[in-house]
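Structure record follows, encoded as structure tokens.
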Amino acid sequence: MPKLLISIMLVLMCANVNANEKKPENQSTVFNKTFSWQAQLGISAYYTDIILKDVKQTDLKSYLTIPLLFDFYYKGFFIQSNHRRSESFALGAELGYQLMVRENWELDIISKAYIAGISPDNIMEEAGKKIDSIYGLFDRDVGEGIGLRYTHYYADSQLSIDVANLAVPSHAKGWLVEAFYSHLIPYRNWDIYINTSLSYYPDSMMDYYYGIKGYEVTDTRPYYEADTTLKGQVEVFVQRPISESWTFSAGISFTKYTDNITDSPIVDKSHKVTAMFGVLYVF
């Protein structure tokens, strides 16, 4: 796998570095000037299956989120939210710098959250009970990765490929690869996005999140070392303006991991369904 990743990087870096201050014109974005910004604040209802054993959404606050989407651009540096997918509401913004920009593609340095963290104490506090499958586990931090992203733009769609390494947590080393394809279908006042993604996680990362260390072993939770895992996702995400300042968003997605993820003593199933809807105020 490392040889493949190095080959991809060398191919991408063969072109001359020529940073451009503008995004391609066919990309719907606020990043179309030397300096620009946009902020959106809202409230959303969020339902998700949880693949951990005996863990479910319980009280009202676990279904509600208050997303803040902030987009900023200045001379190649950017903070952006992926407005094409509902996952951005949970994992937050992406930071980066444009290395190369051409008419229909670009290459960026990117930093973003690729994997959600796990906090057993917070989960049990929200559930109001002890959950044996995760009781005594140490926290798993949010997986913040730094790497390269290649994006190709088409008339109504885009394809991006990330090759990144986790900076946090520092001991969950290994290269991850994430490919994301999104197709826009405009219909009256609706923007309908049909999305699909495929992610590769090395065994070191999976072992950090779903492995069981010696000090976490119990009578019902044996020692376990996780293996390489693939994650596929399909999603329909829609947006519609409801006034000059308010936007409605909704989405539903199906996520499937390779079946070996259920070998972990703390994982119950290899798939999940996520749905959300909400409104955003555009400043």
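By order of appearance in the structure tokens: chains A, B, ..., then residues from 1 within every chain, and ligands from 1 in the order shown.
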
Quick one: residues within 8 Å of region 228-236 of chain A, only C-alpha atoms, excluding same-chain residues fewer than 5 positions away - as a ChimeraX atom specification?
/A:85,192-204,206,251-258,260-261

Could you pull out the strand (DSSP E or B) residues of region 96-279 of chain A from DSSP and send them as a PyMOL selection string?
chain A and resi 96-101+105-115+118+140+143-153+157-168+175-187+190-201+212+218+221+224+229-241+246-257+267+271-279

Using only C-alpha atoms, which residues sit within 9 Å of Ala116 (chain A) once same-chain residues fewer than 4 positions away are excluded, as a PyMOL selection string?
chain A and resi 90-91+140-143

All alpha helix (DSSP H) positions in region 139-229 of chain A, as a PDB file with N, CA and C atoms, in the first residue's frame:
ATOM      1  N   ASP A 203      -4.888  -1.110   9.298  1.00  0.00           N
ATOM      2  CA  ASP A 203      -5.136  -1.834  10.550  1.00  0.00           C
ATOM      3  C   ASP A 203      -4.741  -1.024  11.780  1.00  0.00           C
ATOM      4  N   SER A 204      -3.720  -0.159  11.673  1.00  0.00           N
ATOM      5  CA  SER A 204      -3.300   0.633  12.834  1.00  0.00           C
ATOM      6  C   SER A 204      -4.406   1.563  13.309  1.00  0.00           C
ATOM      7  N   MET A 205      -5.127   2.166  12.368  1.00  0.00           N
ATOM      8  CA  MET A 205      -6.228   3.065  12.734  1.00  0.00           C
ATOM      9  C   MET A 205      -7.406   2.282  13.309  1.00  0.00           C
ATOM     10  N   MET A 206      -7.762   1.184  12.637  1.00  0.00           N
ATOM     11  CA  MET A 206      -8.886   0.380  13.121  1.00  0.00           C
ATOM     12  C   MET A 206      -8.586  -0.216  14.492  1.00  0.00           C
ATOM     13  N   ASP A 207      -7.316  -0.560  14.726  1.00  0.00           N
ATOM     14  CA  ASP A 207      -6.957  -1.124  16.024  1.00  0.00           C
ATOM     15  C   ASP A 207      -7.099  -0.080  17.126  1.00  0.00           C
ATOM     16  N   TYR A 208      -6.789   1.178  16.810  1.00  0.00           N
ATOM     17  CA  TYR A 208      -6.940   2.235  17.802  1.00  0.00           C
ATOM     18  C   TYR A 208      -8.415   2.424  18.177  1.00  0.00           C
ATOM     19  N   TYR A 209      -9.304   2.413  17.173  1.00  0.00           N
ATOM     20  CA  TYR A 209     -10.711   2.712  17.438  1.00  0.00           C
ATOM     21  C   TYR A 209     -11.505   1.492  17.905  1.00  0.00           C
ATOM     22  N   TYR A 210     -11.234   0.324  17.347  1.00  0.00           N
ATOM     23  CA  TYR A 210     -12.068  -0.843  17.640  1.00  0.00           C
ATOM     24  C   TYR A 210     -11.297  -2.022  18.209  1.00  0.00           C
TER      25      TYR A 210
END

Would you list the contacts of Lys130 (chain A) as a ChimeraX atom specification, taking every protein, DNA or RNA residue within 10 Å and counting only C-alpha atoms, but skipping same-chain residues closer than 6 positions in sequence?
/A:120-121,123-124

For the selection just defined, write its residues with C-alpha atoms to a file, as an mmCIF file, in the first residue's frame.
data_model
loop_
_atom_site.group_PDB
_atom_site.id
_atom_site.type_symbol
_atom_site.label_atom_id
_atom_site.label_comp_id
_atom_site.auth_asym_id
_atom_site.auth_seq_id
_atom_site.Cartn_x
_atom_site.Cartn_y
_atom_site.Cartn_z
ATOM 1 C CA PRO A 120 -17.527 5.834 26.633
ATOM 2 C CA ASP A 121 -18.158 8.030 29.691
ATOM 3 C CA ILE A 123 -22.128 7.794 25.951
ATOM 4 C CA MET A 124 -23.077 6.196 29.281
#

Any idea what's packed within 8 Å of Tyr73 (chain A), counting only C-alpha atoms, ignoring anything in its chain fewer than 3 positions away? Could you give it as a tab-separated table (two decimals) with N, CA and C atoms, in the first residue's frame?
chain	number	residue	atom	x	y	z
A	31	PHE	N	-15.66	30.65	-2.79
A	31	PHE	CA	-14.24	30.91	-3.00
A	31	PHE	C	-13.99	31.39	-4.44
A	33	LYS	N	-13.17	34.77	-5.13
A	33	LYS	CA	-12.53	36.08	-5.06
A	33	LYS	C	-11.22	35.93	-4.30
A	34	THR	N	-10.41	36.99	-4.31
A	34	THR	CA	-9.16	36.96	-3.55
A	34	THR	C	-9.44	36.76	-2.07
A	35	PHE	N	-10.48	37.39	-1.56
A	35	PHE	CA	-10.88	37.22	-0.16
A	35	PHE	C	-12.39	37.07	-0.11
A	36	SER	N	-12.88	36.08	0.60
A	36	SER	CA	-14.32	35.91	0.75
A	36	SER	C	-14.60	35.07	1.99
A	37	TRP	N	-15.81	35.21	2.51
A	37	TRP	CA	-16.21	34.41	3.66
A	37	TRP	C	-17.72	34.27	3.70
A	76	GLY	N	-5.44	31.45	-1.57
A	76	GLY	CA	-5.09	30.04	-1.58
A	76	GLY	C	-5.35	29.31	-0.28
A	77	PHE	N	-5.38	30.04	0.85
A	77	PHE	CA	-5.71	29.42	2.14
A	77	PHE	C	-7.23	29.39	2.30
A	78	PHE	N	-7.76	28.29	2.85
A	78	PHE	CA	-9.21	28.21	2.98
A	78	PHE	C	-9.63	27.40	4.19
A	79	ILE	N	-10.81	27.76	4.67
A	79	ILE	CA	-11.58	26.94	5.60
A	79	ILE	C	-12.90	26.69	4.88

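The shell of residues at most 9 Å from Leu166 (chain A), with only C-alpha atoms counted and near chain neighbours (fewer than 5 positions) removed, consists of Ala113, Tyr114, Gly143, Glu144, Gly145, Ile146, Gly147, His171, Ala172, Lys173, Gly174, Trp175, Leu176 and Met205 of chain A.
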
Using the selection just defined, write its residues with N, CA and C atoms as a compact mmCIF listing (two decimals), in the first residue's frame.
# COMPACT_ATOMS: atom_id res chain seq x y z
N ALA A 113 -11.31 16.20 9.86
CA ALA A 113 -11.64 15.05 10.69
C ALA A 113 -12.18 13.94 9.79
N TYR A 114 -11.51 12.79 9.81
CA TYR A 114 -11.91 11.66 8.98
C TYR A 114 -12.68 10.60 9.75
N GLY A 143 -10.30 11.46 14.75
CA GLY A 143 -9.18 11.23 13.84
C GLY A 143 -8.96 12.41 12.90
N GLU A 144 -8.02 13.29 13.24
CA GLU A 144 -7.70 14.47 12.42
C GLU A 144 -6.56 14.13 11.47
N GLY A 145 -6.83 14.19 10.18
CA GLY A 145 -5.83 13.81 9.20
C GLY A 145 -5.27 14.98 8.42
N ILE A 146 -4.03 14.84 7.95
CA ILE A 146 -3.38 15.83 7.09
C ILE A 146 -2.85 15.10 5.86
N GLY A 147 -3.15 15.63 4.68
CA GLY A 147 -2.68 14.96 3.47
C GLY A 147 -2.93 15.77 2.22
N HIS A 171 -0.56 8.11 17.71
CA HIS A 171 -0.12 6.72 17.71
C HIS A 171 -1.01 5.83 16.84
N ALA A 172 -1.97 6.41 16.14
CA ALA A 172 -2.78 5.65 15.18
C ALA A 172 -2.27 5.93 13.78
N LYS A 173 -1.04 5.53 13.53
CA LYS A 173 -0.36 5.87 12.29
C LYS A 173 -0.86 5.01 11.13
N GLY A 174 -0.60 5.48 9.93
CA GLY A 174 -0.98 4.74 8.74
C GLY A 174 -1.69 5.64 7.76
N TRP A 175 -1.60 5.31 6.47
CA TRP A 175 -2.23 6.12 5.43
C TRP A 175 -3.66 5.67 5.19
N LEU A 176 -4.57 6.63 5.15
CA LEU A 176 -5.94 6.35 4.75
C LEU A 176 -6.19 6.97 3.38
N MET A 205 -5.13 2.17 12.37
CA MET A 205 -6.23 3.06 12.73
C MET A 205 -7.41 2.28 13.31

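Take the candidates A:Leu137, A:Ala127, A:Ala179, A:Ile212 and check each one against Gln57 (chain A) using only C-alpha atoms; the shortest distance goes to A:Ala127.
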
Show which residues sit within 10 Å of region 148-159 of chain A, as a PyMOL selection string. Count only C-alpha atoms, and ignore same-chain residues fewer than 3 positions away.
chain A and resi 9+12+24-28+96-111+145+162-165+177-186+193-197

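Put simply, CA of Lys61 (chain A) is 26.1 Å away from CA of Pro241 (chain A).
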